[in-house]
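Coordinates from work.pdb are shown below (PDB, C-alpha atoms).
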ATOM      1  CA  MET V   1     -40.470 -28.844  23.795  1.00  0.00           C
ATOM      2  CA  ASN V   2     -38.090 -26.038  24.618  1.00  0.00           C
ATOM      3  CA  THR V   3     -35.977 -25.403  21.489  1.00  0.00           C
ATOM      4  CA  GLY V   4     -34.400 -22.190  22.701  1.00  0.00           C
ATOM      5  CA  ARG V   5     -30.680 -21.782  22.981  1.00  0.00           C
ATOM      6  CA  ARG V   6     -29.026 -22.449  26.284  1.00  0.00           C
ATOM      7  CA  PRO V   7     -28.335 -19.279  28.309  1.00  0.00           C
ATOM      8  CA  GLY V   8     -24.591 -19.953  28.326  1.00  0.00           C
ATOM      9  CA  ARG V   9     -24.402 -20.060  24.553  1.00  0.00           C
ATOM     10  CA  ARG V  10     -26.530 -16.956  24.178  1.00  0.00           C
ATOM     11  CA  THR V  11     -24.334 -15.119  26.660  1.00  0.00           C
ATOM     12  CA  ARG V  12     -21.166 -16.044  24.753  1.00  0.00           C
ATOM     13  CA  GLU V  13     -22.678 -14.911  21.458  1.00  0.00           C
ATOM     14  CA  GLU V  14     -23.869 -11.655  22.978  1.00  0.00           C
ATOM     15  CA  ALA V  15     -20.429 -11.049  24.492  1.00  0.00           C
ATOM     16  CA  ALA V  16     -18.791 -11.652  21.104  1.00  0.00           C
ATOM     17  CA  GLN V  17     -21.171  -9.201  19.432  1.00  0.00           C
ATOM     18  CA  THR V  18     -20.523  -6.626  22.139  1.00  0.00           C
ATOM     19  CA  ARG V  19     -16.787  -6.986  21.603  1.00  0.00           C
ATOM     20  CA  ILE V  20     -17.225  -6.403  17.859  1.00  0.00           C
ATOM     21  CA  ARG V  21     -19.346  -3.290  18.491  1.00  0.00           C
ATOM     22  CA  ILE V  22     -16.659  -1.902  20.770  1.00  0.00           C
ATOM     23  CA  LEU V  23     -13.929  -2.609  18.212  1.00  0.00           C
ATOM     24  CA  ASP V  24     -15.968  -0.972  15.443  1.00  0.00           C
ATOM     25  CA  ALA V  25     -16.657   2.116  17.555  1.00  0.00           C
ATOM     26  CA  ALA V  26     -13.035   2.389  18.668  1.00  0.00           C
ATOM     27  CA  GLU V  27     -11.781   2.001  15.105  1.00  0.00           C
ATOM     28  CA  GLU V  28     -14.008   4.824  13.905  1.00  0.00           C
ATOM     29  CA  ARG V  29     -13.111   7.185  16.765  1.00  0.00           C
ATOM     30  CA  PHE V  30      -9.356   6.454  16.820  1.00  0.00           C
ATOM     31  CA  GLY V  31      -9.247   6.852  13.049  1.00  0.00           C
ATOM     32  CA  ALA V  32     -11.060  10.180  13.154  1.00  0.00           C
ATOM     33  CA  ALA V  33      -9.362  11.824  16.129  1.00  0.00           C
ATOM     34  CA  GLY V  34      -6.272   9.831  17.112  1.00  0.00           C
ATOM     35  CA  TYR V  35      -5.453   7.896  20.255  1.00  0.00           C
ATOM     36  CA  ALA V  36      -4.866  10.762  22.682  1.00  0.00           C
ATOM     37  CA  ALA V  37      -8.045  12.657  21.800  1.00  0.00           C
ATOM     38  CA  VAL V  38     -10.451   9.751  22.368  1.00  0.00           C
ATOM     39  CA  SER V  39     -11.715   8.576  25.755  1.00  0.00           C
ATOM     40  CA  VAL V  40     -13.021   5.183  26.824  1.00  0.00           C
ATOM     41  CA  ARG V  41     -16.299   6.872  27.745  1.00  0.00           C
ATOM     42  CA  GLU V  42     -16.643   8.250  24.208  1.00  0.00           C
ATOM     43  CA  ILE V  43     -16.006   4.811  22.696  1.00  0.00           C
ATOM     44  CA  ALA V  44     -18.463   3.191  25.095  1.00  0.00           C
ATOM     45  CA  GLU V  45     -21.155   5.705  24.179  1.00  0.00           C
ATOM     46  CA  ALA V  46     -20.594   5.101  20.449  1.00  0.00           C
ATOM     47  CA  ALA V  47     -20.790   1.325  21.010  1.00  0.00           C
ATOM     48  CA  GLY V  48     -23.925   1.590  23.140  1.00  0.00           C
ATOM     49  CA  VAL V  49     -22.311   0.131  26.264  1.00  0.00           C
ATOM     50  CA  GLN V  50     -21.060   1.312  29.636  1.00  0.00           C
ATOM     51  CA  PRO V  51     -17.376   2.241  30.118  1.00  0.00           C
ATOM     52  CA  TYR V  52     -16.866  -0.684  32.498  1.00  0.00           C
ATOM     53  CA  THR V  53     -17.932  -3.026  29.665  1.00  0.00           C
ATOM     54  CA  VAL V  54     -15.075  -1.718  27.538  1.00  0.00           C
ATOM     55  CA  GLN V  55     -12.706  -2.261  30.460  1.00  0.00           C
ATOM     56  CA  HIS V  56     -14.071  -5.780  30.956  1.00  0.00           C
ATOM     57  CA  HIS V  57     -13.340  -6.781  27.354  1.00  0.00           C
ATOM     58  CA  PHE V  58     -10.031  -4.964  26.830  1.00  0.00           C
ATOM     59  CA  ASP V  59      -8.674  -3.956  30.274  1.00  0.00           C
ATOM     60  CA  SER V  60      -7.438  -0.552  29.091  1.00  0.00           C
ATOM     61  CA  LYS V  61      -7.650   1.992  26.289  1.00  0.00           C
ATOM     62  CA  ALA V  62      -4.111   1.077  25.224  1.00  0.00           C
ATOM     63  CA  LEU V  63      -4.958  -2.613  24.825  1.00  0.00           C
ATOM     64  CA  LEU V  64      -8.161  -1.701  22.990  1.00  0.00           C
ATOM     65  CA  TYR V  65      -6.107   0.422  20.583  1.00  0.00           C
ATOM     66  CA  TYR V  66      -3.719  -2.477  20.032  1.00  0.00           C
ATOM     67  CA  ALA V  67      -6.627  -4.861  19.383  1.00  0.00           C
ATOM     68  CA  VAL V  68      -8.105  -2.477  16.815  1.00  0.00           C
ATOM     69  CA  MET V  69      -4.778  -2.001  15.033  1.00  0.00           C
ATOM     70  CA  ASN V  70      -4.214  -5.736  14.774  1.00  0.00           C
ATOM     71  CA  ARG V  71      -7.755  -6.991  14.159  1.00  0.00           C
ATOM     72  CA  TRP V  72      -7.513  -7.047  10.365  1.00  0.00           C
ATOM     73  CA  ASN V  73      -3.916  -8.155   9.829  1.00  0.00           C
ATOM     74  CA  GLU V  74      -4.619 -11.877   9.607  1.00  0.00           C
ATOM     75  CA  VAL V  75      -7.704 -11.229   7.476  1.00  0.00           C
ATOM     76  CA  VAL V  76      -5.701  -9.130   5.011  1.00  0.00           C
ATOM     77  CA  GLN V  77      -2.957 -11.744   4.858  1.00  0.00           C
ATOM     78  CA  ASP V  78      -5.503 -14.488   4.122  1.00  0.00           C
ATOM     79  CA  VAL V  79      -7.036 -12.330   1.383  1.00  0.00           C
ATOM     80  CA  ILE V  80      -3.608 -11.748  -0.150  1.00  0.00           C
ATOM     81  CA  ARG V  81      -2.758 -15.461  -0.027  1.00  0.00           C
ATOM     82  CA  ASP V  82      -5.903 -16.262  -1.984  1.00  0.00           C
ATOM     83  CA  ALA V  83      -5.123 -13.544  -4.533  1.00  0.00           C
ATOM     84  CA  MET V  84      -1.571 -14.802  -5.042  1.00  0.00           C
ATOM     85  CA  LYS V  85      -2.452 -18.333  -6.104  1.00  0.00           C
ATOM     86  CA  GLY V  86      -0.879 -19.057  -9.482  1.00  0.00           C
ATOM     87  CA  ILE V  87       1.215 -15.874  -9.531  1.00  0.00           C
ATOM     88  CA  THR V  88       4.590 -16.387 -11.216  1.00  0.00           C
ATOM     89  CA  SER V  89       6.235 -12.948 -11.285  1.00  0.00           C
ATOM     90  CA  PHE V  90       6.855 -10.144  -8.823  1.00  0.00           C
ATOM     91  CA  PRO V  91       5.002  -7.442 -10.835  1.00  0.00           C
ATOM     92  CA  GLU V  92       1.978  -9.753 -11.042  1.00  0.00           C
ATOM     93  CA  MET V  93       2.222 -10.293  -7.302  1.00  0.00           C
ATOM     94  CA  VAL V  94       2.125  -6.566  -6.601  1.00  0.00           C
ATOM     95  CA  GLU V  95      -0.789  -6.014  -8.996  1.00  0.00           C
ATOM     96  CA  ALA V  96      -2.793  -8.855  -7.448  1.00  0.00           C
ATOM     97  CA  ALA V  97      -2.115  -7.549  -3.944  1.00  0.00           C
ATOM     98  CA  ILE V  98      -3.337  -4.068  -4.845  1.00  0.00           C
ATOM     99  CA  ASP V  99      -6.325  -5.402  -6.751  1.00  0.00           C
ATOM    100  CA  THR V 100      -7.396  -7.241  -3.610  1.00  0.00           C
ATOM    101  CA  THR V 101      -6.409  -4.863  -0.837  1.00  0.00           C
ATOM    102  CA  PHE V 102      -7.698  -1.681  -2.484  1.00  0.00           C
ATOM    103  CA  ASP V 103     -11.331  -2.665  -1.968  1.00  0.00           C
ATOM    104  CA  PHE V 104     -10.568  -3.866   1.556  1.00  0.00           C
ATOM    105  CA  PHE V 105      -8.947  -0.530   2.407  1.00  0.00           C
ATOM    106  CA  VAL V 106     -11.892   1.404   0.980  1.00  0.00           C
ATOM    107  CA  GLU V 107     -14.307  -0.608   3.125  1.00  0.00           C
ATOM    108  CA  HIS V 108     -12.166  -0.112   6.250  1.00  0.00           C
ATOM    109  CA  ARG V 109     -11.092   3.500   5.917  1.00  0.00           C
ATOM    110  CA  SER V 110     -11.151   4.180   9.661  1.00  0.00           C
ATOM    111  CA  TRP V 111      -8.582   1.427  10.154  1.00  0.00           C
ATOM    112  CA  VAL V 112      -6.503   2.868   7.288  1.00  0.00           C
ATOM    113  CA  ARG V 113      -6.619   6.285   8.982  1.00  0.00           C
ATOM    114  CA  MET V 114      -5.256   4.710  12.157  1.00  0.00           C
ATOM    115  CA  ALA V 115      -2.442   3.024  10.225  1.00  0.00           C
ATOM    116  CA  ALA V 116      -1.660   6.301   8.452  1.00  0.00           C
ATOM    117  CA  ARG V 117      -1.486   8.130  11.783  1.00  0.00           C
ATOM    118  CA  VAL V 118       1.008   5.556  13.036  1.00  0.00           C
ATOM    119  CA  ALA V 119       3.050   5.839   9.822  1.00  0.00           C
ATOM    120  CA  ILE V 120       3.441   9.610  10.166  1.00  0.00           C
ATOM    121  CA  GLY V 121       4.509   9.337  13.787  1.00  0.00           C
ATOM    122  CA  GLU V 122       1.470   9.486  16.055  1.00  0.00           C
ATOM    123  CA  ARG V 123       2.637   8.746  19.568  1.00  0.00           C
ATOM    124  CA  LEU V 124       1.569   5.259  20.539  1.00  0.00           C
ATOM    125  CA  PRO V 125       0.352   4.220  23.989  1.00  0.00           C
ATOM    126  CA  GLU V 126       3.167   3.259  26.340  1.00  0.00           C
ATOM    127  CA  GLY V 127       4.074  -0.400  25.911  1.00  0.00           C
ATOM    128  CA  ILE V 128       2.299  -0.712  22.548  1.00  0.00           C
ATOM    129  CA  GLU V 129       4.461  -1.314  19.492  1.00  0.00           C
ATOM    130  CA  ILE V 130       3.213  -1.840  15.945  1.00  0.00           C
ATOM    131  CA  LYS V 131       5.673  -4.173  14.241  1.00  0.00           C
ATOM    132  CA  GLU V 132       5.934  -3.224  10.570  1.00  0.00           C
ATOM    133  CA  ASN V 133       8.558  -5.921   9.938  1.00  0.00           C
ATOM    134  CA  ARG V 134       5.970  -8.693  10.174  1.00  0.00           C
ATOM    135  CA  TRP V 135       4.583  -7.667   6.770  1.00  0.00           C
ATOM    136  CA  ALA V 136       8.034  -7.925   5.218  1.00  0.00           C
ATOM    137  CA  ARG V 137       8.529 -11.327   6.853  1.00  0.00           C
ATOM    138  CA  PHE V 138       5.091 -12.449   5.670  1.00  0.00           C
ATOM    139  CA  THR V 139       5.831 -11.495   2.065  1.00  0.00           C
ATOM    140  CA  GLU V 140       9.333 -12.961   2.099  1.00  0.00           C
ATOM    141  CA  ALA V 141       8.084 -16.257   3.547  1.00  0.00           C
ATOM    142  CA  GLU V 142       5.040 -16.571   1.299  1.00  0.00           C
ATOM    143  CA  TYR V 143       6.533 -15.273  -1.927  1.00  0.00           C
ATOM    144  CA  PRO V 144      10.275 -15.941  -2.343  1.00  0.00           C
ATOM    145  CA  LEU V 145      10.111 -14.565  -5.889  1.00  0.00           C
ATOM    146  CA  ALA V 146       9.760 -11.102  -4.337  1.00  0.00           C
ATOM    147  CA  GLY V 147      13.270 -11.328  -2.924  1.00  0.00           C
ATOM    148  CA  ALA V 148      14.590 -12.881  -6.121  1.00  0.00           C
ATOM    149  CA  SER V 149      13.376  -9.892  -8.143  1.00  0.00           C
ATOM    150  CA  GLY V 150      16.178  -7.684  -6.856  1.00  0.00           C
ATOM    151  CA  VAL V 151      13.711  -5.138  -5.447  1.00  0.00           C
ATOM    152  CA  ASP V 152      14.003  -3.811  -1.896  1.00  0.00           C
ATOM    153  CA  LEU V 153      10.871  -5.417  -0.489  1.00  0.00           C
ATOM    154  CA  ARG V 154      10.659  -3.036   2.455  1.00  0.00           C
ATOM    155  CA  MET V 155      10.655  -0.066   0.092  1.00  0.00           C
ATOM    156  CA  VAL V 156       7.939  -1.675  -2.016  1.00  0.00           C
ATOM    157  CA  LEU V 157       5.770  -2.201   1.073  1.00  0.00           C
ATOM    158  CA  ILE V 158       6.162   1.449   2.067  1.00  0.00           C
ATOM    159  CA  THR V 159       5.347   2.546  -1.491  1.00  0.00           C
ATOM    160  CA  VAL V 160       2.267   0.360  -1.802  1.00  0.00           C
ATOM    161  CA  GLU V 161       0.976   1.361   1.629  1.00  0.00           C
ATOM    162  CA  GLY V 162       1.569   5.036   0.926  1.00  0.00           C
ATOM    163  CA  VAL V 163      -0.197   5.006  -2.438  1.00  0.00           C
ATOM    164  CA  LEU V 164      -3.125   3.025  -1.046  1.00  0.00           C
ATOM    165  CA  ASN V 165      -3.444   5.305   1.972  1.00  0.00           C
ATOM    166  CA  VAL V 166      -3.483   8.492  -0.088  1.00  0.00           C
ATOM    167  CA  HIS V 167      -5.955   7.215  -2.654  1.00  0.00           C
ATOM    168  CA  THR V 168      -8.355   5.610  -0.187  1.00  0.00           C
ATOM    169  CA  LEU V 169      -8.412   8.551   2.232  1.00  0.00           C
ATOM    170  CA  ALA V 170      -8.640  11.472  -0.222  1.00  0.00           C
ATOM    171  CA  SER V 171     -12.413  11.788   0.173  1.00  0.00           C
ATOM    172  CA  LYS V 172     -12.494  15.587  -0.027  1.00  0.00           C
ATOM    173  CA  HIS V 173     -10.412  15.620  -3.199  1.00  0.00           C
ATOM    174  CA  TYR V 174     -12.683  13.123  -4.924  1.00  0.00           C
ATOM    175  CA  LYS V 175     -15.752  15.077  -3.866  1.00  0.00           C
ATOM    176  CA  GLN V 176     -14.333  18.366  -5.119  1.00  0.00           C
ATOM    177  CA  LEU V 177     -12.856  17.061  -8.382  1.00  0.00           C
ATOM    178  CA  TYR V 178     -15.360  14.355  -9.345  1.00  0.00           C
ATOM    179  CA  GLY V 179     -18.454  15.258  -7.364  1.00  0.00           C
ATOM    180  CA  LYS V 180     -18.532  11.820  -5.718  1.00  0.00           C
ATOM    181  CA  THR V 181     -16.570   9.534  -3.412  1.00  0.00           C
ATOM    182  CA  LEU V 182     -15.125   6.032  -3.586  1.00  0.00           C
ATOM    183  CA  ASP V 183     -18.517   4.709  -2.548  1.00  0.00           C
ATOM    184  CA  ASP V 184     -19.412   5.223  -6.210  1.00  0.00           C
ATOM    185  CA  PRO V 185     -18.531   1.952  -8.048  1.00  0.00           C
ATOM    186  CA  GLU V 186     -17.467   3.669 -11.266  1.00  0.00           C
ATOM    187  CA  LEU V 187     -15.065   6.060  -9.541  1.00  0.00           C
ATOM    188  CA  ARG V 188     -13.725   3.261  -7.346  1.00  0.00           C
ATOM    189  CA  ALA V 189     -12.896   1.155 -10.405  1.00  0.00           C
ATOM    190  CA  GLN V 190     -11.218   4.141 -12.072  1.00  0.00           C
ATOM    191  CA  VAL V 191      -9.086   4.921  -9.025  1.00  0.00           C
ATOM    192  CA  LYS V 192      -8.126   1.269  -8.547  1.00  0.00           C
ATOM    193  CA  ALA V 193      -6.931   1.026 -12.151  1.00  0.00           C
ATOM    194  CA  HIS V 194      -4.917   4.219 -11.683  1.00  0.00           C
ATOM    195  CA  VAL V 195      -3.324   2.974  -8.449  1.00  0.00           C
ATOM    196  CA  LYS V 196      -2.340  -0.332 -10.061  1.00  0.00           C
ATOM    197  CA  ALA V 197      -0.750   1.497 -13.000  1.00  0.00           C
ATOM    198  CA  VAL V 198       1.173   3.885 -10.733  1.00  0.00           C
ATOM    199  CA  VAL V 199       2.554   1.169  -8.455  1.00  0.00           C
ATOM    200  CA  ALA V 200       3.336  -1.125 -11.399  1.00  0.00           C
ATOM    201  CA  GLY V 201       5.407   1.635 -12.981  1.00  0.00           C
ATOM    202  CA  ILE V 202       7.317   2.225  -9.754  1.00  0.00           C
ATOM    203  CA  VAL V 203       7.958  -1.479  -9.153  1.00  0.00           C
ATOM    204  CA  ASN V 204       8.990  -2.178 -12.737  1.00  0.00           C
ATOM    205  CA  ASN V 205      11.439   0.720 -12.730  1.00  0.00           C
ATOM    206  CA  ALA V 206      12.843  -0.366  -9.367  1.00  0.00           C
ATOM    207  CA  ALA V 207      13.481  -3.858 -10.726  1.00  0.00           C
ATOM    208  CA  LEU V 208      15.489  -2.604 -13.696  1.00  0.00           C
ATOM    209  CA  PRO V 209      19.276  -2.908 -13.394  1.00  0.00           C
ATOM    210  CA  PRO V 210      21.074   0.438 -13.028  1.00  0.00           C
ATOM    211  CA  SER V 211      22.210   1.954 -16.312  1.00  0.00           C
ATOM    212  CA  THR V 212      25.917   2.077 -16.988  1.00  0.00           C
TER     213      THR V 212
END

As a first step, turn the structure in this file into structure tokens.
Amino acid sequence: MNTGRRPGRRTREEAAQTRIRILDAAEERFGAAGYAAVSVREIAEAAGVQPYTVQHHFDSKALLYYAVMNRWNEVVQDVIRDAMKGITSFPEMVEAAIDTTFDFFVEHRSWVRMAARVAIGERLPEGIEIKENRWARFTEAEYPLAGASGVDLRMVLITVEGVLNVHTLASKHYKQLYGKTLDDPELRAQVKAHVKAVVAGIVNNAALPPST
């Protein structure tokens, strides 16, 4: 009896795996060098495919860039939703979000580098727009208590993203000052605790009414 998979199914699975390899390679290269400095041929070589395969899956370098930038958004939002269950205050919400996303950012540092490049003004491909407002809308819709806290939610998002970016991407600093990187579990736990304390202090102070 022939128990092998049907060719059609195998082809679909192989195509899906190829797409993931291309996304992974593009994420690493775009994060390291930026959009303009990376070619489709370079990405194809890193992914172990031909340039026309990249074009087949994504049509253009610009659309590939957009796919890479957006590939983790829904995943991160699902992770945050799970972390927020049972949360009853805005400071707890921020702490839970950092506790969850810090490890995700460390494991996806190439993607964080891309986001950081966009944040500091890297020129995006023509026709490609990264919509930062969707994160504010997501938080406002999912967690009304954020708006009720009196804190400017957009400013909090910028603060949290900035602190996370700096602390997850400072590999050279960690190596020079601690002799290791965030791949070390002990240092990662120490940095995460520090980041949570820093952001908590900022958020708590922002929520205080102005002194008279």

Written as a ChimeraX atom specification, what is the full residue list that the PyMOL selection byres ((chain V and resi 24) around 12) yields on the file shown? /V:17-23,25-31,43-44,46-48,64-65,67-69,71-72,108-111

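Distances to V:Tyr66 were evaluated for V:Ala170, V:Val191, V:Gln176, V:Ile128 using all atoms listed in the file, and the minimum falls at V:Ile128.
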
Listed atoms of stretch 52-67 of chain V boxed axis-aligned with 5 Å per side, centre + edges as lines of an AutoDock Vina configuration file:
center_x = -10.8
center_y = -2.4
center_z = 25.9
size_x = 24.2
size_y = 18.8
size_z = 23.1

Run the PyMOL selection byres ((chain V and resi 187) around 12) against the file shown and list the residues it catches, as a list in words.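 Checked against the file, the PyMOL selection byres ((chain V and resi 187) around 12) matches Val106, His167, Thr168, Ser171, Tyr174, Lys175, Leu177, Tyr178, Gly179, Lys180, Thr181, Leu182, Asp183, Asp184, Pro185, Glu186, Arg188, Ala189, Gln190, Val191, Lys192, Ala193 and His194 of chain V.
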
Using only C-alpha atoms, which of the listed residues (V:Val118, V:Ala16, V:Val38, V:Val203) sits closest to V:Val160?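 Under the stated criterion, the closest residue is V:Val203.
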
Expanded to explicit residues, what is the PyMOL selection byres ((chain V and resi 76) around 12) for this file, as an mmCIF file with C-alpha atoms, keeping the file's coordinate frame?
data_model
loop_
_atom_site.group_PDB
_atom_site.id
_atom_site.type_symbol
_atom_site.label_atom_id
_atom_site.label_comp_id
_atom_site.auth_asym_id
_atom_site.auth_seq_id
_atom_site.Cartn_x
_atom_site.Cartn_y
_atom_site.Cartn_z
ATOM 1 C CA ASN V 70 -4.214 -5.736 14.774
ATOM 2 C CA ARG V 71 -7.755 -6.991 14.159
ATOM 3 C CA TRP V 72 -7.513 -7.047 10.365
ATOM 4 C CA ASN V 73 -3.916 -8.155 9.829
ATOM 5 C CA GLU V 74 -4.619 -11.877 9.607
ATOM 6 C CA VAL V 75 -7.704 -11.229 7.476
ATOM 7 C CA GLN V 77 -2.957 -11.744 4.858
ATOM 8 C CA ASP V 78 -5.503 -14.488 4.122
ATOM 9 C CA VAL V 79 -7.036 -12.330 1.383
ATOM 10 C CA ILE V 80 -3.608 -11.748 -0.150
ATOM 11 C CA ARG V 81 -2.758 -15.461 -0.027
ATOM 12 C CA ASP V 82 -5.903 -16.262 -1.984
ATOM 13 C CA ALA V 83 -5.123 -13.544 -4.533
ATOM 14 C CA ALA V 97 -2.115 -7.549 -3.944
ATOM 15 C CA ILE V 98 -3.337 -4.068 -4.845
ATOM 16 C CA THR V 100 -7.396 -7.241 -3.610
ATOM 17 C CA THR V 101 -6.409 -4.863 -0.837
ATOM 18 C CA PHE V 102 -7.698 -1.681 -2.484
ATOM 19 C CA ASP V 103 -11.331 -2.665 -1.968
ATOM 20 C CA PHE V 104 -10.568 -3.866 1.556
ATOM 21 C CA PHE V 105 -8.947 -0.530 2.407
ATOM 22 C CA HIS V 108 -12.166 -0.112 6.250
ATOM 23 C CA TRP V 135 4.583 -7.667 6.770
ATOM 24 C CA PHE V 138 5.091 -12.449 5.670
#

Can you work out the spacing between atom CA of V:Glu42 and atom CA of V:Leu124 in Å, to one decimal? 18.8 Å

In Å, with one decimal, what is the gap from atom CA of V:Ala96 to atom CA of V:Met114?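 Distance reported for this atom pair: 24.0 Å.
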